[in-house]
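Participant: Okay, handing you the structure first.
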Amino acid sequence: MTQKIKNYLTIEEADRLIKKYYDGETSGAEEVLLQDFLRQEDLPARFEPERALFGYIAEEKSRRTHSVIPTQNLRLRLNPVLKWSFAAAILIFGVFILGNRIQAQNRNVAYIDGIRCTNSKEVTALALASIDQINLETDEVAGTVDKMNDKNLVESQLQQFPELK
Amino acid sequence: MIRKKSFLPLLLLLLGWFAASGVQAQNDLFISKVFDMYGKKKGVVMVDLSGEILEQYRLTRFRSITIKDDPQAAAFARKCLERDQVGAKKIKEVVANGIPTSIYLQLPRLGQDNRLILYNESRSGGLRITLIYIESNDDTEAILKLLLKKKQ
């Protein structure tokens, strides 16, 4: 499409558009036409300043476009310190999570009056002592658990009321 | 480009999952606040065990806290237990003068873990509360039998 239009732009038309351009009255489409016209070889030397001007504008535009497209990666690409800091942060976070998980899998700690104790014998003794403090009455608890696990509990209780059958 | 783009969210997702799976089952309970708030105070003994040390008892987690002479802590623990009772099976409850002095709760299973809360409040020789939280792959009966065996 552009090729077609470019072919139709004569030197007179180009002169008219250049004049219009310097007056600041050209449209975007007209500027594109001019750009295409000035890209042609074997143009009269008087078009040299416009060719340079439009060449510069086109180059700037392309540079700007290139610097805009990869915006998401620009910061990382331009700033290796930021990139490595980010990688280090992820690594530290990963190590922290892993450490926490390992620690969580193997806890062996007691606090006595706020003082930390990791002696496994002492910690185990304290754990057993806390069980001692719980009032586990063997029969009562065992009976309740049995009842909880008895799937026929309702049926067996209803047997006490034969008139319901 | 696509590989680069998909790498970061994937990594974050993986780390997030890793972090979330490390979150303790007990954290969804109100009683965890009792451990957090009073665990490192004076007059308190708190125990936290998990992993290899509990393998012989067939438990996966054991937490206990004993608080002496702190009526406020006792009231707070009772309130937390009240909240945690929702959806739990009550194995035992002893009430003395309107105050629950002994509560055993079987909590709904969380994954493979069977969870129990044992609470006792004693006033002989000063106020003393004991709160125990247990996780195990075993059923409640087996856990209680084990605890009874340990007591005897």
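Order determines the names: the first chain of the structure tokens is A, the second B, and so forth; residues in each chain are numbered 1 upward, and ligands are numbered 1 upward as they are shown.
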Which residues of chain A are close to chain B, meaning at most 6 Å apart when you count only C-alpha atoms, and how do they look as a list of chain:residue names?

Facilitator: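 Matching residues, ligands excluded from the count: A:Ile97, A:Arg101, A:Gln105, A:Asn106, A:Arg107, A:Asn108, A:Val109, A:Ala110, A:Tyr111, A:Ile112, A:Asp113, A:Gly114, A:Asp132, A:Ile134, A:Thr144.
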
Participant: According to DSSP computed on the backbone, where in segment 17-126 of chain B is there strand (DSSP E or B)? Give the residues as a ChimeraX atom specification.

Facilitator: /B:44-50,61-68,89-96,99-110,113-122

Participant: I'd like the contact shell of segment 48-53 of chain A - 12 Å cut-off, only C-alpha atoms, skipping same-chain residues fewer than 2 positions apart - returned as a list in words.

Facilitator: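 Skipping anything fewer than 2 positions along the chain leaves Ala14, Asp15, Leu17, Ile18, Lys19, Tyr21, Tyr22, Glu31, Leu34, Gln35, Asp36, Phe37, Leu38, Arg39, Gln40, Glu41, Asp42, Leu43, Pro44, Ala45, Arg46, Gly55, Tyr56, Ile57, Ala58, Glu59 and Glu60 of chain A.
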
Participant: Output C-alpha atoms of each residue in that selection to a file, as an mmCIF file, in the first residue's frame.

Facilitator:
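Writing the result to again_38.cif gives the following:
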```cif
data_model
loop_
_atom_site.group_PDB
_atom_site.id
_atom_site.type_symbol
_atom_site.label_atom_id
_atom_site.label_comp_id
_atom_site.auth_asym_id
_atom_site.auth_seq_id
_atom_site.Cartn_x
_atom_site.Cartn_y
_atom_site.Cartn_z
ATOM 1 C CA ALA A 14 7.251 16.383 -2.278
ATOM 2 C CA ASP A 15 8.199 20.076 -2.453
ATOM 3 C CA LEU A 17 4.633 18.569 1.439
ATOM 4 C CA ILE A 18 8.091 19.683 2.644
ATOM 5 C CA LYS A 19 6.889 23.271 2.697
ATOM 6 C CA TYR A 21 6.006 20.157 6.963
ATOM 7 C CA TYR A 22 8.121 23.192 7.852
ATOM 8 C CA GLU A 31 4.984 12.610 6.858
ATOM 9 C CA LEU A 34 7.606 12.206 2.682
ATOM 10 C CA GLN A 35 9.804 9.766 4.563
ATOM 11 C CA ASP A 36 9.268 7.166 1.869
ATOM 12 C CA PHE A 37 9.992 9.699 -0.828
ATOM 13 C CA LEU A 38 13.222 10.816 0.822
ATOM 14 C CA ARG A 39 14.419 7.240 1.191
ATOM 15 C CA GLN A 40 14.689 7.008 -2.578
ATOM 16 C CA GLU A 41 18.089 7.161 -4.172
ATOM 17 C CA ASP A 42 19.063 9.536 -6.987
ATOM 18 C CA LEU A 43 17.133 12.425 -5.522
ATOM 19 C CA PRO A 44 18.288 15.970 -6.328
ATOM 20 C CA ALA A 45 20.894 17.243 -3.884
ATOM 21 C CA ARG A 46 18.557 19.949 -2.607
ATOM 22 C CA GLY A 55 16.607 9.947 8.559
ATOM 23 C CA TYR A 56 17.382 11.237 12.037
ATOM 24 C CA ILE A 57 13.711 11.247 13.031
ATOM 25 C CA ALA A 58 13.253 7.680 11.750
ATOM 26 C CA GLU A 59 16.337 6.514 13.626
ATOM 27 C CA GLU A 60 15.149 8.135 16.876
#
```

Participant: Find the residue from B:Asp70, B:Glu135, B:Glu93, B:Asp84 that sits nearest to Arg123 of chain B; use only C-alpha atoms when measuring.

Facilitator: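 Between B:Asp70, B:Glu135, B:Glu93, B:Asp84, the residue approaching Arg123 of chain B most closely is B:Asp70.
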
Participant: Considering only helix (DSSP H, G or I) as DSSP defines it on the backbone, what residues of segment 25-94 of chain B qualify? List them as an NGL selection string.

Facilitator: :B and (25-28 or 31-38 or 52-55 or 71-84)

Participant: Could the residues in this selection be saved with C-alpha atoms as an mmCIF file, in the first residue's frame?

Facilitator:
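Output file selection_1.cif follows:
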```cif
data_model
loop_
_atom_site.group_PDB
_atom_site.id
_atom_site.type_symbol
_atom_site.label_atom_id
_atom_site.label_comp_id
_atom_site.auth_asym_id
_atom_site.auth_seq_id
_atom_site.Cartn_x
_atom_site.Cartn_y
_atom_site.Cartn_z
ATOM 1 C CA ALA B 25 -1.679 -27.987 61.172
ATOM 2 C CA GLN B 26 -1.964 -26.531 64.634
ATOM 3 C CA ASN B 27 -1.979 -22.960 63.365
ATOM 4 C CA ASP B 28 -5.642 -23.167 62.423
ATOM 5 C CA ILE B 31 -5.112 -22.848 71.274
ATOM 6 C CA SER B 32 -2.003 -22.054 69.222
ATOM 7 C CA LYS B 33 -2.434 -18.528 70.584
ATOM 8 C CA VAL B 34 -1.993 -19.844 74.119
ATOM 9 C CA PHE B 35 1.379 -21.311 73.118
ATOM 10 C CA ASP B 36 2.352 -18.159 71.272
ATOM 11 C CA MET B 37 1.296 -15.744 73.999
ATOM 12 C CA TYR B 38 2.391 -17.526 77.146
ATOM 13 C CA GLU B 52 12.521 -38.428 64.938
ATOM 14 C CA ILE B 53 12.209 -38.025 68.701
ATOM 15 C CA LEU B 54 8.489 -38.878 68.522
ATOM 16 C CA GLU B 55 8.809 -41.812 66.168
ATOM 17 C CA PRO B 71 -5.868 -17.008 86.198
ATOM 18 C CA GLN B 72 -5.944 -14.766 83.138
ATOM 19 C CA ALA B 73 -4.036 -17.341 81.086
ATOM 20 C CA ALA B 74 -6.391 -20.048 82.334
ATOM 21 C CA ALA B 75 -9.431 -18.010 81.304
ATOM 22 C CA PHE B 76 -7.867 -17.326 77.925
ATOM 23 C CA ALA B 77 -7.038 -21.018 77.378
ATOM 24 C CA ARG B 78 -10.624 -21.986 78.244
ATOM 25 C CA LYS B 79 -11.952 -19.449 75.737
ATOM 26 C CA CYS B 80 -9.655 -20.814 73.035
ATOM 27 C CA LEU B 81 -10.782 -24.352 73.831
ATOM 28 C CA GLU B 82 -14.391 -23.259 73.589
ATOM 29 C CA ARG B 83 -13.718 -22.013 70.061
ATOM 30 C CA ASP B 84 -11.785 -25.134 69.070
#
```
